[in-house]
>>> print(open('start-v3.cif').read())   # mmCIF, C-alpha atoms; chains and numbers go by the auth columns
data_data
#
loop_
_atom_site.group_PDB
_atom_site.id
_atom_site.type_symbol
_atom_site.label_atom_id
_atom_site.label_comp_id
_atom_site.label_asym_id
_atom_site.label_seq_id
_atom_site.Cartn_x
_atom_site.Cartn_y
_atom_site.Cartn_z
_atom_site.B_iso_or_equiv
_atom_site.auth_seq_id
_atom_site.auth_asym_id
ATOM 1 C CA THR A 1 94.511 100.412 77.436 0.00 15 A
ATOM 2 C CA THR A 2 96.325 101.589 80.551 0.00 16 A
ATOM 3 C CA ALA A 3 97.214 98.034 81.558 0.00 17 A
ATOM 4 C CA LYS A 4 98.522 97.259 78.074 0.00 18 A
ATOM 5 C CA ASN A 5 100.623 100.448 78.024 0.00 19 A
ATOM 6 C CA LEU A 6 101.986 99.753 81.498 0.00 20 A
ATOM 7 C CA ASN A 7 102.849 96.218 80.444 0.00 21 A
ATOM 8 C CA GLY A 8 104.817 97.599 77.480 0.00 22 A
ATOM 9 C CA LEU A 9 106.674 100.029 79.732 0.00 23 A
ATOM 10 C CA LEU A 10 107.537 97.266 82.189 0.00 24 A
ATOM 11 C CA TYR A 11 109.000 95.152 79.376 0.00 25 A
ATOM 12 C CA LYS A 12 111.291 98.072 78.553 0.00 26 A
ATOM 13 C CA CYS A 13 112.323 98.405 82.209 0.00 27 A
ATOM 14 C CA PRO A 14 112.727 94.842 83.499 0.00 28 A
ATOM 15 C CA GLU A 15 114.512 96.032 86.645 0.00 29 A
ATOM 16 C CA ILE A 16 111.246 97.563 87.894 0.00 30 A
ATOM 17 C CA ARG A 17 109.316 95.000 89.963 0.00 31 A
ATOM 18 C CA PRO A 18 106.040 96.704 90.938 0.00 32 A
ATOM 19 C CA VAL A 19 102.987 95.383 92.682 0.00 33 A
ATOM 20 C CA ILE A 20 100.119 95.977 90.276 0.00 34 A
ATOM 21 C CA SER A 21 97.366 97.313 92.510 0.00 35 A
ATOM 22 C CA SER A 22 93.907 98.015 91.111 0.00 36 A
ATOM 23 C CA PHE A 23 90.218 98.227 91.881 0.00 37 A
ATOM 24 C CA SER A 24 89.644 96.547 88.526 0.00 38 A
ATOM 25 C CA PRO A 25 89.619 92.751 88.510 0.00 39 A
ATOM 26 C CA LEU A 26 90.112 92.874 84.735 0.00 40 A
ATOM 27 C CA VAL A 27 93.405 94.739 85.092 0.00 41 A
ATOM 28 C CA LEU A 28 94.653 92.167 87.586 0.00 42 A
ATOM 29 C CA LEU A 29 93.557 89.275 85.378 0.00 43 A
ATOM 30 C CA TYR A 30 95.375 90.894 82.440 0.00 44 A
ATOM 31 C CA PHE A 31 98.640 90.953 84.402 0.00 45 A
ATOM 32 C CA LYS A 32 98.073 87.466 85.791 0.00 46 A
ATOM 33 C CA LEU A 33 97.763 86.210 82.207 0.00 47 A
ATOM 34 C CA PHE A 34 100.530 88.192 80.526 0.00 48 A
ATOM 35 C CA ARG A 35 103.010 88.901 83.344 0.00 49 A
ATOM 36 C CA LYS A 36 102.773 85.984 85.759 0.00 50 A
ATOM 37 C CA ASN A 37 105.973 87.036 87.526 0.00 51 A
ATOM 38 C CA LEU A 38 104.489 90.348 88.751 0.00 52 A
ATOM 39 C CA LYS A 39 102.708 90.609 92.084 0.00 53 A
ATOM 40 C CA THR A 40 99.126 91.860 92.107 0.00 54 A
ATOM 41 C CA ALA A 41 96.886 93.463 94.704 0.00 55 A
ATOM 42 C CA LEU A 42 93.129 93.811 94.632 0.00 56 A
ATOM 43 C CA VAL A 43 91.995 97.146 96.074 0.00 57 A
ATOM 44 C CA ILE A 44 88.706 96.825 97.941 0.00 58 A
ATOM 45 C CA ASP A 45 86.614 99.772 99.065 0.00 59 A
ATOM 46 C CA ASN A 46 83.392 97.845 99.608 0.00 60 A
ATOM 47 C CA SER A 47 83.036 94.484 101.328 0.00 61 A
ATOM 48 C CA LYS A 48 80.548 93.279 98.717 0.00 62 A
ATOM 49 C CA TYR A 49 83.495 92.784 96.322 0.00 63 A
ATOM 50 C CA LEU A 50 85.448 90.416 98.565 0.00 64 A
ATOM 51 C CA TRP A 51 84.110 87.427 96.616 0.00 65 A
ATOM 52 C CA LEU A 52 86.481 88.452 93.803 0.00 66 A
ATOM 53 C CA LEU A 53 89.382 87.125 95.882 0.00 67 A
ATOM 54 C CA ASN A 54 88.256 83.598 95.049 0.00 68 A
ATOM 55 C CA ILE A 55 88.485 84.271 91.320 0.00 69 A
ATOM 56 C CA ILE A 56 91.481 86.576 90.945 0.00 70 A
ATOM 57 C CA HIS A 57 93.797 85.167 93.640 0.00 71 A
ATOM 58 C CA PRO A 58 95.822 88.358 94.117 0.00 72 A
ATOM 59 C CA ASP A 59 99.114 88.331 96.002 0.00 73 A
ATOM 60 C CA PHE A 60 97.957 91.142 98.313 0.00 74 A
ATOM 61 C CA LEU A 61 94.682 92.584 99.515 0.00 75 A
ATOM 62 C CA HIS A 62 94.606 96.390 99.712 0.00 76 A
ATOM 63 C CA LEU A 63 91.659 97.042 101.986 0.00 77 A
ATOM 64 C CA ARG A 64 90.064 100.285 103.123 0.00 78 A
ATOM 65 C CA ALA A 65 90.799 100.609 106.848 0.00 79 A
ATOM 66 C CA ASP A 66 87.196 100.664 108.003 0.00 80 A
ATOM 67 C CA LEU A 67 86.543 97.290 106.339 0.00 81 A
ATOM 68 C CA ILE A 68 89.080 95.349 108.401 0.00 82 A
ATOM 69 C CA THR A 69 87.506 92.623 110.521 0.00 83 A
ATOM 70 C CA GLU A 70 88.773 89.709 112.537 0.00 84 A
ATOM 71 C CA GLN A 71 87.189 87.397 109.945 0.00 85 A
ATOM 72 C CA LEU A 72 89.192 89.069 107.153 0.00 86 A
ATOM 73 C CA ILE A 73 92.385 88.857 109.161 0.00 87 A
ATOM 74 C CA ASN A 74 91.766 85.139 109.712 0.00 88 A
ATOM 75 C CA PHE A 75 90.986 84.626 106.010 0.00 89 A
ATOM 76 C CA SER A 76 94.171 86.480 105.118 0.00 90 A
ATOM 77 C CA SER A 77 96.239 84.324 107.426 0.00 91 A
ATOM 78 C CA GLU A 78 94.687 81.056 106.226 0.00 92 A
ATOM 79 C CA HIS A 79 95.237 81.956 102.549 0.00 93 A
ATOM 80 C CA ASN A 80 98.675 83.567 102.884 0.00 94 A
ATOM 81 C CA LEU A 81 97.189 86.827 101.582 0.00 95 A
ATOM 82 C CA PRO A 82 98.941 89.841 103.117 0.00 96 A
ATOM 83 C CA ILE A 83 96.673 92.782 103.909 0.00 97 A
ATOM 84 C CA VAL A 84 97.665 96.387 103.319 0.00 98 A
ATOM 85 C CA ILE A 85 95.137 98.843 104.691 0.00 99 A
ATOM 86 C CA TRP A 86 94.584 102.292 103.255 0.00 100 A
ATOM 87 C CA THR A 87 92.840 105.547 104.104 0.00 101 A
ATOM 88 C CA VAL A 88 94.568 105.643 107.460 0.00 102 A
ATOM 89 C CA ASP A 89 94.634 109.423 107.752 0.00 103 A
ATOM 90 C CA ASN A 90 94.215 109.764 111.489 0.00 104 A
ATOM 91 C CA TYR A 91 96.991 109.272 114.045 0.00 105 A
ATOM 92 C CA LEU A 92 94.792 107.305 116.470 0.00 106 A
ATOM 93 C CA VAL A 93 93.556 104.997 113.704 0.00 107 A
ATOM 94 C CA GLN A 94 97.145 104.502 112.563 0.00 108 A
ATOM 95 C CA LYS A 95 98.224 103.540 116.083 0.00 109 A
ATOM 96 C CA SER A 96 95.360 101.058 116.441 0.00 110 A
ATOM 97 C CA CYS A 97 96.176 99.539 113.021 0.00 111 A
ATOM 98 C CA GLU A 98 99.825 99.068 113.943 0.00 112 A
ATOM 99 C CA SER A 99 98.779 96.399 116.446 0.00 113 A
ATOM 100 C CA LEU A 100 96.978 94.356 113.759 0.00 114 A
ATOM 101 C CA PRO A 101 98.659 91.400 112.013 0.00 115 A
ATOM 102 C CA ILE A 102 98.762 93.172 108.662 0.00 116 A
ATOM 103 C CA PHE A 103 101.492 93.635 106.053 0.00 117 A
ATOM 104 C CA GLY A 104 101.347 97.398 105.739 0.00 118 A
ATOM 105 C CA ILE A 105 99.539 100.707 106.079 0.00 119 A
ATOM 106 C CA ILE A 106 99.021 103.370 103.405 0.00 120 A
ATOM 107 C CA THR A 107 98.619 106.830 104.942 0.00 121 A
ATOM 108 C CA ASP A 108 98.936 110.529 104.211 0.00 122 A
ATOM 109 C CA LEU A 109 100.296 111.220 107.720 0.00 123 A
#
>>> encode(input="start-v3.cif", output="structure tokens")
Amino acid sequence: TTAKNLNGLLYKCPEIRPVISSFSPLVLLYFKLFRKNLKTALVIDNSKYLWLLNIIHPDFLHLRADLITEQLINFSSEHNLPIVIWTVDNYLVQKSCESLPIFGIITDL
């Protein structure tokens, strides 16, 4: 219901170009079907859900900071899948993340 309502709102405001970011693969599939021009991001908080990347093909991967690995960075690079890491709520972690080849950092700092 939320995805459908958001879709209706976005039709009324075509100047808004969001990235639809969700933990739910169904929400992302909904937007991939009905709004192909919008960018999507799969939010991952557990590495056991990474297999969903092969089905959903999001435009971005929003990954919890402690899940970042060299293997994921390589996968991201090979598949042109920018990584945005989140839950970076510590200055030292933020500084270490800034040296990674990632697209962005989500933080409360």
>>> residues_around(input="start-v3.cif", residues="Asp73 (chain A)", least_positions_apart="3", cutoff="8 Å", atoms="only C-alpha atoms", output="list in words")
Lys53, Thr54, Ala55, Leu95 and Pro96 of chain A
>>> closest_residue(input="start-v3.cif", among="A:Ile82, A:Lys62, A:Thr15, A:Asn88", to="Val107 (chain A)", atoms="all atoms listed in the file")
A:Ile82
>>> residues_around(input="start-v3.cif", residues="region 36-41 of chain A", least_positions_apart="5", cutoff="8 Å", atoms="only C-alpha atoms", output="list in words")
Ala17, Ala55, Leu56, Val57, Ile58, Leu66 and Ile70 of chain A
>>> closest_residue(input="start-v3.cif", among="A:Leu77, A:Phe48, A:Leu114, A:Pro32", to="Lys18 (chain A)", atoms="only C-alpha atoms")
A:Phe48
>>> resolve_selection(input="start-v3.cif", expression="the PyMOL selection byres ((chain A and resi 101-103) around 9)", output="PyMOL selection string")
chain A and resi 77-80+99-100+104-108+111+119-123
>>> atom_distance(input="start-v3.cif", atom1="CA of Ile69 (chain A)", atom2="CA of His93 (chain A)")
13.3 Å
>>> closest_residue(input="start-v3.cif", among="A:Glu84, A:Glu29, A:Glu92, A:Glu112", to="Leu52 (chain A)", atoms="all atoms listed in the file")
A:Glu29
>>> closest_residue(input="start-v3.cif", among="A:Ser113, A:Asn19, A:Asn51, A:Ser91", to="Val33 (chain A)", atoms="only C-alpha atoms")
A:Asn51
>>> atom_distance(input="start-v3.cif", atom1="CA of Ser90 (chain A)", atom2="CA of Leu42 (chain A)")
18.4 Å
>>> closest_residue(input="start-v3.cif", among="A:Leu86, A:Pro72, A:Arg31, A:Leu64", to="Lys46 (chain A)", atoms="only C-alpha atoms")
A:Pro72
